[in-house]
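Chemist: See final_13.txt below, with compact mmCIF, C-alpha atoms.
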# COMPACT_ATOMS: atom_id res chain seq x y z
CA LEU Z 1 194.81 112.15 50.79
CA ARG Z 2 193.17 115.48 50.01
CA PHE Z 3 193.95 119.12 50.80
CA GLY Z 4 191.41 121.74 49.87
CA LEU Z 5 189.90 125.18 50.16
CA THR Z 6 186.18 125.82 50.48
CA GLY Z 7 184.54 129.22 50.30
CA GLU Z 8 180.88 130.14 50.71
CA SER Z 9 178.82 133.31 50.74
CA THR Z 10 175.14 133.67 51.61
CA GLY Z 11 174.71 137.35 50.77
CA LYS Z 12 174.65 138.18 54.49
CA MET Z 13 177.96 136.59 55.48
CA ASP Z 14 180.83 134.68 53.95
CA GLY Z 15 183.56 132.37 55.06
CA ILE Z 16 186.57 130.32 53.99
CA ALA Z 17 187.63 126.91 55.24
CA PHE Z 18 190.96 125.15 54.78
CA TYR Z 19 190.58 121.41 55.16
CA SER Z 20 192.22 118.09 54.54
CA TYR Z 21 190.89 114.56 54.38
CA GLY Z 22 192.92 111.41 54.58
CA HIS Z 23 192.10 107.70 54.63
CA LEU Z 24 194.88 105.20 55.18
CA SER Z 25 194.58 101.42 54.72
CA PHE Z 26 197.14 99.01 56.13
CA GLN Z 27 197.38 95.28 55.44
CA LYS Z 28 193.90 95.30 53.86
CA HIS Z 29 191.81 95.29 57.06
CA PHE Z 30 193.24 98.12 59.21
CA PHE Z 31 192.36 101.73 58.48
CA ALA Z 32 192.69 105.28 59.81
CA TYR Z 33 190.96 108.50 58.78
CA ALA Z 34 190.97 112.22 59.58
CA TYR Z 35 189.05 115.31 58.45
CA PRO Z 36 190.32 118.52 60.11
CA ARG Z 37 189.35 122.04 59.01
CA ILE Z 38 190.17 125.64 59.91
CA VAL Z 39 187.53 128.30 59.27
CA ASN Z 40 187.14 132.06 59.75
CA ASN Z 41 183.35 132.02 60.21
CA PRO Z 42 182.03 129.06 62.24
CA SER Z 43 178.34 129.91 61.70
CA ILE Z 44 178.39 129.39 57.94
CA PHE Z 45 179.72 125.82 57.69
CA PRO Z 46 177.43 122.85 58.42
CA ARG Z 47 177.97 120.71 61.53
CA TYR Z 48 180.78 122.96 62.72
CA THR Z 49 181.08 123.42 66.51
CA GLY Z 50 184.72 124.38 67.05
CA LYS Z 51 185.29 127.06 69.66
CA GLU Z 52 186.09 130.53 68.33
CA ARG Z 53 189.58 131.87 69.00
CA TYR Z 54 191.31 135.03 67.82
CA PHE Z 55 189.49 137.20 65.28
CA GLY Z 56 186.80 134.54 64.80
CA ARG Z 57 189.24 131.95 63.46
CA THR Z 58 188.86 128.46 64.77
CA GLY Z 59 189.67 124.87 63.93
CA GLU Z 60 188.36 121.41 64.75
CA THR Z 61 188.72 117.81 63.68
CA ASP Z 62 185.28 116.76 62.51
CA LEU Z 63 186.24 113.14 61.78
CA ALA Z 64 189.21 111.12 63.01
CA GLY Z 65 189.77 107.55 64.06
CA ILE Z 66 191.26 104.10 63.59
CA GLY Z 67 189.64 100.74 62.99
CA TYR Z 68 189.63 97.19 61.72
CA GLU Z 69 187.13 95.82 59.19
CA ASN Z 70 186.69 92.48 57.43
CA ASP Z 71 183.76 90.74 55.74
CA TRP Z 72 181.77 90.22 58.94
CA MET Z 73 183.05 92.64 61.61
CA ILE Z 74 184.02 96.27 62.12
CA LEU Z 75 185.82 97.70 65.17
CA GLN Z 76 186.31 101.45 65.27
CA TRP Z 77 187.36 104.14 67.71
CA GLY Z 78 187.43 107.84 66.96
CA ARG Z 79 185.41 110.98 66.40
CA GLY Z 80 182.40 111.29 64.15
CA ARG Z 81 178.67 110.69 64.36
CA GLN Z 82 176.20 107.87 63.96
CA SER Z 83 173.02 108.11 61.86
CA TRP Z 84 170.47 105.39 62.60
CA GLY Z 85 167.17 104.97 60.81
CA ALA Z 86 165.72 104.52 57.34
CA GLY Z 87 165.57 107.14 54.58
CA ASN Z 88 167.76 110.11 53.70
CA GLY Z 89 167.32 113.18 55.89
CA ILE Z 90 164.49 111.81 58.07
CA GLN Z 91 166.51 110.31 60.95
CA LEU Z 92 164.96 111.07 64.33
CA ALA Z 93 167.24 110.34 67.31
CA ILE Z 94 170.76 110.59 65.83
CA SER Z 95 171.68 111.86 62.38
CA GLU Z 96 174.44 113.09 60.09
CA ASP Z 97 173.49 116.71 60.89
CA SER Z 98 174.66 116.54 64.51
CA PRO Z 99 177.93 117.78 66.00
CA SER Z 100 180.64 115.13 66.12
CA TYR Z 101 181.59 113.21 69.26
CA ASP Z 102 184.12 110.57 70.33
CA TYR Z 103 182.93 106.97 70.44
CA GLY Z 104 183.85 103.33 70.00
CA LEU Z 105 181.87 101.02 67.72
CA LEU Z 106 181.37 97.30 67.18
CA GLY Z 107 179.44 95.96 64.20
CA LEU Z 108 178.81 92.34 63.19
CA ASP Z 109 177.40 91.12 59.87
CA PHE Z 110 175.91 87.62 59.73
CA GLY Z 111 174.43 87.89 56.26
CA HIS Z 112 170.71 88.51 56.69
CA LEU Z 113 171.23 89.67 60.29
CA ARG Z 114 173.42 92.61 61.35
CA VAL Z 115 174.02 94.09 64.81
CA ARG Z 116 175.74 97.30 65.91
CA TYR Z 117 176.76 98.86 69.22
CA PHE Z 118 178.50 102.14 70.05
CA HIS Z 119 179.41 104.05 73.22
CA GLY Z 120 180.75 107.59 73.37
CA PHE Z 121 181.32 110.81 75.25
CA LEU Z 122 179.31 113.87 74.22
CA GLU Z 123 180.56 116.78 76.33
CA LYS Z 124 180.95 118.29 79.78
CA GLU Z 125 178.17 120.84 80.34
CA THR Z 126 178.68 122.80 83.58
CA GLU Z 127 179.62 119.98 86.00
CA TYR Z 128 177.72 117.26 84.14
CA ASN Z 129 179.53 114.65 82.08
CA ARG Z 130 177.26 113.50 79.23
CA TYR Z 131 177.53 110.15 77.42
CA ILE Z 132 175.72 108.40 74.56
CA THR Z 133 175.31 104.71 73.80
CA GLY Z 134 173.28 102.75 71.27
CA ARG Z 135 172.54 99.18 70.28
CA GLY Z 136 170.61 97.98 67.25
CA ILE Z 137 169.67 94.86 65.31
CA GLU Z 138 168.85 94.80 61.59
CA TRP Z 139 167.41 92.18 59.26
CA THR Z 140 167.55 92.30 55.47
CA ASN Z 141 166.72 89.98 52.60
CA ASN Z 142 169.78 91.44 50.81
CA ASN Z 143 167.52 92.60 48.01
CA THR Z 144 164.53 94.84 48.72
CA ILE Z 145 163.79 95.11 52.46
CA VAL Z 146 165.74 96.28 55.51
CA THR Z 147 164.10 96.41 58.95
CA SER Z 148 165.67 97.34 62.29
CA LEU Z 149 165.08 97.86 66.01
CA SER Z 150 167.36 100.08 68.07
CA GLU Z 151 167.82 101.74 71.45
CA ILE Z 152 169.71 105.00 72.00
CA VAL Z 153 170.55 106.19 75.53
CA ILE Z 154 172.01 109.40 76.91
CA TYR Z 155 173.18 109.32 80.52
CA SER Z 156 174.84 112.00 82.62
CA GLY Z 157 175.83 113.04 86.11
CA ILE Z 158 177.95 115.50 88.06
CA ASN Z 159 181.55 114.44 87.33
CA ARG Z 160 180.11 111.04 86.40
CA PRO Z 161 182.66 108.54 85.03
CA LEU Z 162 182.01 106.13 82.18
CA ASP Z 163 179.34 103.67 83.28
CA ILE Z 164 180.52 100.08 82.86
CA SER Z 165 176.94 98.77 82.97
CA TYR Z 166 176.24 100.45 79.63
CA LEU Z 167 179.25 98.73 78.05
CA ASN Z 168 177.15 95.56 77.81
CA PRO Z 169 176.06 95.59 74.14
CA ILE Z 170 173.00 93.36 74.68
CA SER Z 171 171.63 94.90 77.88
CA THR Z 172 168.86 97.52 77.88
CA HIS Z 173 168.40 100.93 79.47
CA LEU Z 174 165.25 99.95 81.37
CA GLU Z 175 166.81 96.83 82.86
CA ILE Z 176 169.89 98.76 83.97
CA GLU Z 177 167.95 101.70 85.41
CA MET Z 178 165.09 99.84 87.09
CA ASN Z 179 167.48 97.42 88.83
CA ASN Z 180 169.91 100.13 89.98
CA ARG Z 181 172.85 98.65 88.08
CA GLN Z 182 174.26 102.03 86.99
CA ASN Z 183 176.87 104.09 88.82
CA ASP Z 184 174.39 106.97 89.39
CA LEU Z 185 171.25 105.49 90.93
CA GLY Z 186 167.70 106.57 90.25
CA THR Z 187 165.45 107.06 87.22
CA LYS Z 188 166.74 110.56 86.40
CA SER Z 189 170.29 109.54 85.45
CA GLY Z 190 169.54 108.54 81.86
CA ASN Z 191 167.09 108.87 78.98
CA GLY Z 192 166.43 106.10 76.46
CA VAL Z 193 164.51 106.08 73.18
CA TRP Z 194 163.48 103.09 71.07
CA GLN Z 195 163.10 103.11 67.30
CA ALA Z 196 161.71 100.75 64.64
CA SER Z 197 162.62 101.38 60.98
CA ILE Z 198 161.88 99.92 57.56
CA ASP Z 199 163.32 100.55 54.11
CA TRP Z 200 161.46 98.89 51.21
CA LEU Z 201 162.38 99.02 47.51
CA ILE Z 202 159.48 98.18 45.18
CA LYS Z 203 160.24 97.13 41.58
CA ASN Z 204 163.49 99.16 41.59
CA LYS Z 205 161.63 102.46 41.03
CA PHE Z 206 159.66 103.12 44.20
CA ARG Z 207 161.15 103.26 47.70
CA ILE Z 208 159.36 103.73 51.01
CA SER Z 209 161.29 104.50 54.21
CA GLY Z 210 159.83 104.99 57.67
CA ASN Z 211 160.80 105.37 61.33
CA ILE Z 212 158.75 105.38 64.50
CA LEU Z 213 160.37 106.38 67.78
CA PHE Z 214 159.12 106.05 71.36
CA ASP Z 215 160.60 108.19 74.12
CA GLU Z 216 157.91 107.72 76.77
CA PHE Z 217 155.00 105.32 76.46
CA THR Z 218 152.32 105.45 79.18
CA ILE Z 219 150.52 102.13 79.66
CA ASP Z 220 149.05 102.53 83.16
CA LYS Z 221 145.54 103.60 82.12
CA GLY Z 222 144.19 103.29 85.62
CA HIS Z 223 146.49 105.94 87.06
CA GLU Z 224 148.80 107.90 84.77
CA LEU Z 225 146.43 108.58 81.91
CA GLU Z 226 143.75 109.71 84.33
CA ASP Z 227 146.20 112.33 85.57
CA GLY Z 228 146.58 113.59 81.99
CA GLU Z 229 149.88 111.93 81.20
CA GLY Z 230 150.39 110.86 77.61
CA HIS Z 231 152.86 109.40 75.16
CA SER Z 232 156.01 110.95 73.72
CA ASN Z 233 156.95 109.76 70.25
CA SER Z 234 158.08 110.71 66.76
CA VAL Z 235 157.44 109.45 63.25
CA SER Z 236 158.97 110.04 59.84
CA VAL Z 237 158.15 108.65 56.40
CA ARG Z 238 159.64 109.25 52.96
CA ALA Z 239 158.53 108.00 49.52
CA VAL Z 240 160.85 108.20 46.49
CA TRP Z 241 160.00 107.55 42.84
CA SER Z 242 162.83 107.27 40.32
CA PRO Z 243 161.53 107.19 36.72
CA ILE Z 244 163.66 107.65 33.62
CA VAL Z 245 162.86 111.20 32.49
CA VAL Z 246 166.09 112.35 30.80
CA LYS Z 247 168.59 110.01 29.19
CA LYS Z 248 171.89 109.60 31.05
CA MET Z 249 170.40 111.40 34.06
CA TYR Z 250 169.01 110.03 37.31
CA THR Z 251 165.77 111.59 38.50
CA LEU Z 252 164.29 111.26 42.00
CA PHE Z 253 160.92 112.67 43.04
CA PHE Z 254 160.25 112.49 46.77
CA THR Z 255 157.73 113.44 49.41
CA GLU Z 256 158.24 113.19 53.15
CA TYR Z 257 156.62 113.92 56.49
CA ILE Z 258 158.34 114.28 59.87
CA LYS Z 259 156.71 114.75 63.27
CA VAL Z 260 158.61 115.07 66.58
CA GLY Z 261 156.42 115.28 69.69
CA THR Z 262 156.34 118.15 72.15
CA HIS Z 263 158.23 116.35 74.94
CA THR Z 264 160.20 113.95 72.72
CA MET Z 265 163.99 114.08 73.16
CA ARG Z 266 163.62 115.89 76.51
CA HIS Z 267 163.88 114.37 79.99
CA GLN Z 268 163.09 115.29 83.58
CA ASN Z 269 166.84 115.89 83.87
CA GLY Z 270 167.69 118.26 81.02
CA TYR Z 271 171.29 117.06 80.76
CA ASN Z 272 169.87 113.82 79.35
CA ASN Z 273 168.19 115.64 76.45
CA PHE Z 274 169.14 114.56 72.92
CA VAL Z 275 171.37 117.54 72.22
CA GLN Z 276 175.07 118.30 72.12
CA ARG Z 277 176.75 121.70 72.14
CA ARG Z 278 173.25 123.18 72.17
CA ARG Z 279 172.25 121.48 68.90
CA PRO Z 280 169.94 118.50 68.28
CA LEU Z 281 171.54 115.10 67.88
CA GLY Z 282 168.72 113.99 65.59
CA TRP Z 283 166.51 115.97 63.25
CA GLN Z 284 168.15 119.39 62.88
CA HIS Z 285 164.92 121.36 63.44
CA GLY Z 286 164.40 119.91 66.92
CA SER Z 287 161.13 118.86 68.55
CA ASP Z 288 157.54 120.05 69.06
CA MET Z 289 157.12 120.42 65.31
CA ASP Z 290 156.15 118.71 62.08
CA GLN Z 291 157.09 119.25 58.45
CA TYR Z 292 155.89 118.30 54.98
CA ARG Z 293 158.32 118.48 52.06
CA VAL Z 294 158.24 117.64 48.35
CA GLY Z 295 161.25 117.73 46.07
CA LEU Z 296 163.27 116.67 43.06
CA HIS Z 297 166.89 115.52 42.70
CA LEU Z 298 168.56 115.35 39.30
CA PHE Z 299 172.13 114.14 38.74
CA ASN Z 300 174.41 112.28 36.37
CA ASP Z 301 177.50 110.12 36.75
CA ALA Z 302 179.90 112.90 35.80
CA ASN Z 303 179.57 116.47 37.04
CA ILE Z 304 176.07 117.74 37.96
CA ILE Z 305 173.81 117.50 41.01
CA ALA Z 306 170.63 119.59 41.11
CA LYS Z 307 168.20 119.72 44.06
CA PHE Z 308 164.86 121.47 44.48
CA SER Z 309 162.32 121.22 47.30
CA PHE Z 310 159.47 123.11 48.95
CA GLY Z 311 157.31 122.53 51.97
CA SER Z 312 155.84 123.82 55.21
CA ARG Z 313 156.71 123.46 58.88
CA ARG Z 314 154.91 124.10 62.18
CA THR Z 315 156.93 124.84 65.33
CA GLY Z 316 155.64 124.92 68.91
CA GLU Z 317 157.03 127.06 71.70
CA GLU Z 318 158.53 124.08 73.57
CA THR Z 319 160.93 123.05 70.80
CA ILE Z 320 164.22 121.76 72.11
CA THR Z 321 166.19 124.20 69.94
CA ILE Z 322 165.14 127.15 72.13
CA ASP Z 323 166.41 125.89 75.50
CA PRO Z 324 168.36 122.66 74.76
CA TYR Z 325 169.23 121.64 78.33
CA ALA Z 326 165.92 122.50 79.97
CA PRO Z 327 163.86 119.56 81.28
CA TYR Z 328 160.26 119.18 80.22
CA PRO Z 329 158.19 121.29 82.63
CA HIS Z 330 155.49 118.60 82.94
CA PHE Z 331 154.36 115.50 81.13
CA GLN Z 332 150.74 116.40 80.62
CA GLU Z 333 149.19 116.11 77.18
CA VAL Z 334 149.10 119.47 75.40
CA PRO Z 335 147.94 120.55 71.94
CA PHE Z 336 150.48 119.75 69.23
CA PRO Z 337 152.43 121.85 68.41
CA SER Z 338 152.26 123.54 71.80
CA GLY Z 339 151.55 127.15 72.71
CA ILE Z 340 152.00 129.84 70.07
CA VAL Z 341 152.65 127.98 66.81
CA ILE Z 342 155.00 129.45 64.20
CA LYS Z 343 154.10 128.40 60.65
CA THR Z 344 156.82 128.45 58.02
CA LYS Z 345 156.78 127.95 54.26
CA PHE Z 346 160.04 127.42 52.40
CA ILE Z 347 161.56 126.80 48.97
CA SER Z 348 165.14 125.72 48.35
CA GLY Z 349 167.21 124.99 45.25
CA ASP Z 350 170.87 124.02 44.80
CA LEU Z 351 173.08 123.29 41.81
CA GLN Z 352 176.56 121.79 42.13
CA TRP Z 353 178.84 121.49 39.11
CA TRP Z 354 182.27 119.89 38.82
CA TRP Z 355 184.32 121.90 36.30
CA LYS Z 356 187.17 119.44 36.81
CA PRO Z 357 187.41 116.35 39.03
CA ASN Z 358 189.08 118.47 41.74
CA VAL Z 359 187.25 121.79 41.18
CA SER Z 360 183.54 122.34 41.86
CA CYS Z 361 181.20 125.25 42.44
CA MET Z 362 177.78 125.54 44.04
CA VAL Z 363 174.89 127.98 43.71
CA GLY Z 364 171.85 127.94 45.96
CA LEU Z 365 168.67 129.97 46.35
CA GLY Z 366 166.21 129.96 49.22
CA TRP Z 367 162.95 131.61 50.19
CA LEU Z 368 161.29 131.48 53.60
CA ASP Z 369 158.12 133.04 54.93
CA SER Z 370 156.97 132.51 58.51
CA ASP Z 371 155.02 134.11 61.33
CA LYS Z 372 158.40 135.12 62.78
CA VAL Z 373 160.40 136.06 59.66
CA ARG Z 374 158.57 137.62 56.72
CA GLN Z 375 159.74 137.05 53.12
CA ASP Z 376 163.39 136.17 53.70
CA PHE Z 377 165.42 135.48 50.55
CA SER Z 378 168.85 133.87 50.69
CA PHE Z 379 171.57 133.34 48.12
CA ARG Z 380 174.46 130.93 48.49
CA ILE Z 381 177.53 130.58 46.34
CA GLY Z 382 180.52 128.42 47.07
CA PHE Z 383 183.53 126.74 45.53
CA ASN Z 384 185.74 123.81 46.38
CA ILE Z 385 189.28 123.27 45.14
CA TYR Z 386 191.39 120.38 46.37
CA TYR Z 387 194.63 118.65 45.60
CA PRO Z 388 194.37 114.86 45.62
CA GLY Z 389 197.28 112.60 46.35
CA SER Z 390 197.86 108.99 47.34
CA PHE Z 391 200.55 106.77 48.74
CA LYS Z 392 200.75 103.16 49.86
CA LEU Z 393 202.26 101.46 52.86
Represent the structure contained in this file as structure tokens.
Modeler:
Amino acid sequence: LRFGLTGESTGKMDGIAFYSYGHLSFQKHFFAYAYPRIVNNPSIFPRYTGKERYFGRTGETDLAGIGYENDWMILQWGRGRQSWGAGNGIQLAISEDSPSYDYGLLGLDFGHLRVRYFHGFLEKETEYNRYITGRGIEWTNNNTIVTSLSEIVIYSGINRPLDISYLNPISTHLEIEMNNRQNDLGTKSGNGVWQASIDWLIKNKFRISGNILFDEFTIDKGHELEDGEGHSNSVSVRAVWSPIVVKKMYTLFFTEYIKVGTHTMRHQNGYNNFVQRRRPLGWQHGSDMDQYRVGLHLFNDANIIAKFSFGSRRTGEETITIDPYAPYPHFQEVPFPSGIVIKTKFISGDLQWWWKPNVSCMVGLGWLDSDKVRQDFSFRIGFNIYYPGSFKL
């Protein structure tokens, strides 16, 4: 059980958050968890989407739920987020950077083979109820390789109730939609994406992670491609090298590339786009863009984490972050990125130091230069103080 206070200032704005985190275990296999927080500046804290109340103050429960877990199964119901895919920070469809949502989850572990299914409610936007569901299968040699295949679906409708057809953990979006098995008929009631991922550790020092995602894949060459229709996909790859540079310190050098297509994550019905509360569910920068990044992480087992990275990003004018619930205007192939392209270069560095086990501080510097924002410098400073406690049932 933890109660704490977090403060942060960027030079342009500052904020304070009061939070608590608790995790309760009961009879070994049952558990419950909660992470509520109250803030006075919602825009400064990551992943925060609580509605503003009086004088800008607001509160939300970012994580909360109950569950059961043993050696081969997990059952969970609550609020949080799922992050599917290989590599840190390169998830495409759903990631740790998204707003939280309520969902139920079932996971089974058969040793080399693992499966997972979840189904949740995103939000009510105007009159549309929006839901998310996912199913995935993963194989590992329990040593150096993990591979997976997954499907993520968002479905919606005016006052649409929970769709029982999507509660089947081994059915597929295409089979449900094409055979009119859903409670809102037609091909505009849902949007599915499919992802293949691999995580490969080579000689304990070199790690390669990659994801490829398909949103739309046109195979009718005799008709659709002649009309100018194309594919809609995304790809991400990350390589990490971890040599011993400084004694008693862990060093990670990495390079990564992410590309999200112009129409990827959008649908002909915009309420089926991969967004929630006007933010992307996957990669935080949205769609119709690509990014290269190189960086270094340095940390020890005790009290220091240092991060440094730099890179460049290209953003097209049809990125999903500009108009999150708009459908794609057409599905014709266009130059990538589309329209007027904004090019951005950036540098970021962060240092976090634990003065005591329950007291830490953070300092961060950033520089950004783009066609839209010229020479923007940022400074971040924050602190975290918490009171730990524990009890047993």
Chemist: Z:Gly295, Z:Gly349, Z:Pro335, Z:Pro388: which is nearest Z:Arg2, counting all atoms listed in the file?
Modeler: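 Once distances to Z:Arg2 are computed over all atoms listed in the file, the minimum belongs to Z:Pro388.
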Chemist: Give as a list in words the set of residues within 6 Å of the point (161.2, 108.4, 52.4), where distances use the file's coordinates and all atoms listed in the file.
Modeler: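 The residues near that point, listed by chain and number, are Gly87, Ile208, Ser209, Val237, Arg238, Ala239, Val240 and Glu256 of chain Z.
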Chemist: Give me, please, the distance in Å between atom CA of Z:Asp369 and atom CA of Z:Leu351, quoted to one decimal.
Modeler: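 Calculated distance between atom CA of Z:Asp369 and atom CA of Z:Leu351 is 22.2 Å.
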Chemist: In Å, how far is it from atom CA of Z:Leu213 to atom CA of Z:His119?
Modeler: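 Distance between the two atoms: 19.9 Å.
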Chemist: I need the residue nearest Z:Ile16 from this list: Z:Arg79, Z:Lys307, Z:Arg47, Z:Arg37. Use all atoms listed in the file for the distance.
Modeler: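 Of the candidates, the smallest distance to Z:Ile16 is held by Z:Arg37.
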Chemist: For Z:Arg160, find every residue with an atom within 12 Å (counting all atoms listed in the file), except residues of its own chain fewer than 6 positions away, and show them as a compact mmCIF listing (two decimals) with C-alpha atoms, in the frame of the given file.
Modeler:
# COMPACT_ATOMS: atom_id res chain seq x y z
CA PHE Z 121 181.32 110.81 75.25
CA GLU Z 123 180.56 116.78 76.33
CA LYS Z 124 180.95 118.29 79.78
CA GLU Z 125 178.17 120.84 80.34
CA GLU Z 127 179.62 119.98 86.00
CA TYR Z 128 177.72 117.26 84.14
CA ASN Z 129 179.53 114.65 82.08
CA ARG Z 130 177.26 113.50 79.23
CA TYR Z 131 177.53 110.15 77.42
CA GLN Z 182 174.26 102.03 86.99
CA ASN Z 183 176.87 104.09 88.82
CA ASP Z 184 174.39 106.97 89.39
CA LEU Z 185 171.25 105.49 90.93
CA SER Z 189 170.29 109.54 85.45
CA GLY Z 190 169.54 108.54 81.86
Chemist: If I put a ball of radius 10 Å at (168.0, 116.4, 41.0) in the file's coordinates, which residues poke into it when counting only C-alpha atoms, written as a short mmCIF file (atom, residue, chain, number, x, y, z; two decimals) with C-alpha atoms, in the coordinates of the input?
Modeler:
data_model
loop_
_atom_site.label_atom_id
_atom_site.label_comp_id
_atom_site.auth_asym_id
_atom_site.auth_seq_id
_atom_site.Cartn_x
_atom_site.Cartn_y
_atom_site.Cartn_z
CA MET Z 249 170.40 111.40 34.06
CA TYR Z 250 169.01 110.03 37.31
CA THR Z 251 165.77 111.59 38.50
CA LEU Z 252 164.29 111.26 42.00
CA PHE Z 253 160.92 112.67 43.04
CA GLY Z 295 161.25 117.73 46.07
CA LEU Z 296 163.27 116.67 43.06
CA HIS Z 297 166.89 115.52 42.70
CA LEU Z 298 168.56 115.35 39.30
CA PHE Z 299 172.13 114.14 38.74
CA ASN Z 300 174.41 112.28 36.37
CA ILE Z 304 176.07 117.74 37.96
CA ILE Z 305 173.81 117.50 41.01
CA ALA Z 306 170.63 119.59 41.11
CA LYS Z 307 168.20 119.72 44.06
CA PHE Z 308 164.86 121.47 44.48
CA SER Z 309 162.32 121.22 47.30
CA GLY Z 349 167.21 124.99 45.25
CA ASP Z 350 170.87 124.02 44.80
CA LEU Z 351 173.08 123.29 41.81
#
Chemist: For a quick check of understanding, using only C-alpha atoms, which of Z:Asn88, Z:Ser100, Z:Thr126, Z:Ser360 has the smallest distance to Z:Leu63?
Modeler: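 The answer is Z:Ser100, which sits nearest to Z:Leu63.
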Chemist: Env of Z:Glu317: 8 Å cut, atoms = all atoms listed in the file, seq-sep filter 4 positions within chain, self excluded. Answer as a VMD selection string.
Modeler: chain Z and resid 288 337 to 341
